[in-house]
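Take a look at the structure below.
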Amino acid sequence: MRDFPLEFAAHISGETTTLCWGWRVIRTDGAVFGFTDHDQDLIVGGVTYQAASGFSPSDIDSRLGFALDNSSVQGLLSSDVITDGDIRAGKYDSAVVEITRVNWMQPNESGLIWAGKLGEIKINDGNFEAELVGHAAVLERATGRVFARGCDASFGDSRCGLNADDFPKGKACPRTYEACQSQFDNAVNFRGFPYMIGEDAAYAAPRENDNKDGTSRY
């Protein structure tokens, strides 16, 4: 359950609500822009949220919902403030986006629905399509080296140590230790961990003929 400010929580739990959508874009250079689907500009948290920005409630309801991780929304960057030149110059790359529900009768009452960053921005016939990347996506991104049984070098690169031109065109490396040793005689440069314990160890059970002298099973 979301933890909204008390005033906003009381408003949305009432029989009648006066809600609109608002979203704030915070560029990496510190510039801040606000937008709303309300028919009048609103001041939320000291920022003027511009009306008539081309982002409709149906777009938000159907594409963002209340549990967005990643999505792509059209019309988010349709304001005159956000220009084609600025987008092409990369000024909105990785900009923070905060999407809120706002009580337009009392704009100081609002609740954060989603926060993340702008990913890829496409420009097509004067329209903009912006990818929204949720914070959860960061957890899915590999950071540093990933340990695995297979080799993580690219065939023929400096870590591999072989010259791809010395092999027939289209020669593929299966990235296994056995192939590196027998087919390429390059086991010394194998960049994997062939003896890493995998999921099979988790499901292994004692067998009648197993050695039971207390030594390692592997």
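Ordering of the structure tokens sets the chain letters (A, B, ...); residue numbers start at 1 within each chain; ligands are numbered from 1 in the order shown.
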Name all residues at most 8 Å from range 138-155 of chain A (count only C-alpha atoms; drop same-chain ones fewer than 6 positions away) and give them as a CSV table (one decimal) with C-alpha atoms, in the first residue's frame.
```csv
chain,number,residue,atom,x,y,z
A,162,LEU,CA,43.3,-16.0,-30.7
A,164,ALA,CA,39.9,-15.0,-35.7
A,172,ALA,CA,31.9,-20.4,-34.1
A,173,CYS,CA,33.1,-21.0,-30.6
A,175,ARG,CA,32.3,-21.0,-25.3
A,176,THR,CA,32.8,-24.2,-23.4
A,177,TYR,CA,36.0,-25.2,-21.6
A,190,PHE,CA,39.4,-19.6,-21.1
A,191,ARG,CA,37.4,-16.8,-19.4
A,192,GLY,CA,34.7,-18.9,-17.7
A,193,PHE,CA,34.5,-21.0,-14.6
A,194,PRO,CA,33.8,-24.5,-15.8
A,195,TYR,CA,33.8,-26.1,-12.4
A,196,MET,CA,31.3,-23.6,-10.8
```
Residue contacts of Gly34 in chain A (6 Å, only C-alpha atoms) excluding same-chain residues fewer than 6 positions away, as a PyMOL selection string: chain A and resi 23-24+48-49
Using only C-alpha atoms: which of A:Leu42, A:Ala201, A:Ala115, A:Cys180 has the shortest distance to Asn103 in chain A: A:Leu42
What's the 8 Å shell around Ala52 in chain A, counting only C-alpha atoms, without same-chain residues fewer than 6 positions away, as a compact mmCIF listing (two decimals) with N, CA and C atoms, in the first residue's frame?
```txt
# COMPACT_ATOMS: atom_id res chain seq x y z
N THR A 36 0.68 18.90 -16.67
CA THR A 36 -0.55 18.34 -16.12
C THR A 36 -1.58 18.14 -17.21
N ASP A 37 -2.50 17.21 -16.99
CA ASP A 37 -3.60 17.02 -17.93
C ASP A 37 -4.81 17.85 -17.53
N HIS A 38 -4.67 18.67 -16.48
CA HIS A 38 -5.75 19.56 -16.07
C HIS A 38 -5.92 20.66 -17.11
N ASP A 39 -7.07 21.35 -17.09
CA ASP A 39 -7.32 22.38 -18.10
C ASP A 39 -6.72 23.74 -17.73
N GLN A 40 -6.09 23.83 -16.57
CA GLN A 40 -5.41 25.05 -16.16
C GLN A 40 -4.06 24.71 -15.55
```
Residue neighbourhood Pro5 in chain A, 9 Å, only C-alpha atoms, exclusion window fewer than 6 positions, as a short mmCIF file (atom, residue, chain, number, x, y, z; two decimals) with C-alpha atoms, in the first residue's frame:
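Done, and the output landed in out-v3.cif:
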```
data_model
loop_
_atom_site.label_atom_id
_atom_site.label_comp_id
_atom_site.auth_asym_id
_atom_site.auth_seq_id
_atom_site.Cartn_x
_atom_site.Cartn_y
_atom_site.Cartn_z
CA GLU A 109 -2.16 17.96 -1.94
CA SER A 110 -0.58 15.31 -4.16
CA GLY A 111 0.67 11.74 -4.08
#
```
Members of chain A assigned helix (DSSP H, G or I) by DSSP, as a ChimeraX atom specification: /A:6-12,57-63,84-88,136-140,164-166,177-182,187-189,199-203
Residues flagged strand (DSSP E or B) by DSSP in range 8-216 of chain A, as a VMD selection string: chain A and resid 19 to 26 32 to 36 42 to 44 47 to 50 70 to 74 96 to 103 110 to 124 127 to 134
For Val44 in chain A, the nearest of the candidates A:Ile121, A:Ala137, A:Ala205, A:Cys20, counting only C-alpha atoms: A:Cys20
Nearby residues (only C-alpha atoms) at most 9 Å from Thr18 in chain A, same-chain spacing under 4 positions excluded, as a PyMOL selection string: chain A and resi 11-12+102-106
Can you spit out the residues from that selection as an mmCIF file, in the first residue's frame, using C-alpha atoms?
```cif
data_model
loop_
_atom_site.group_PDB
_atom_site.id
_atom_site.type_symbol
_atom_site.label_atom_id
_atom_site.label_comp_id
_atom_site.auth_asym_id
_atom_site.auth_seq_id
_atom_site.Cartn_x
_atom_site.Cartn_y
_atom_site.Cartn_z
ATOM 1 C CA HIS A 11 -9.035 13.404 -0.153
ATOM 2 C CA ILE A 12 -8.824 10.214 -2.221
ATOM 3 C CA VAL A 102 -2.844 16.030 -7.761
ATOM 4 C CA ASN A 103 -5.909 17.544 -6.121
ATOM 5 C CA TRP A 104 -6.474 20.401 -8.544
ATOM 6 C CA MET A 105 -8.639 22.223 -5.996
ATOM 7 C CA GLN A 106 -5.726 22.133 -3.546
#
```
Interatomic distance (Å, one decimal) between CA of Cys160 in chain A and CA of Ile197 in chain A: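 Computing it gives 23.4 Å between the two atoms.
In this comparison, which uses only C-alpha atoms, the residue of A:Gly22, A:Gly90, A:Pro107, A:Gly14 approaching Gly45 in chain A most closely is A:Pro107.
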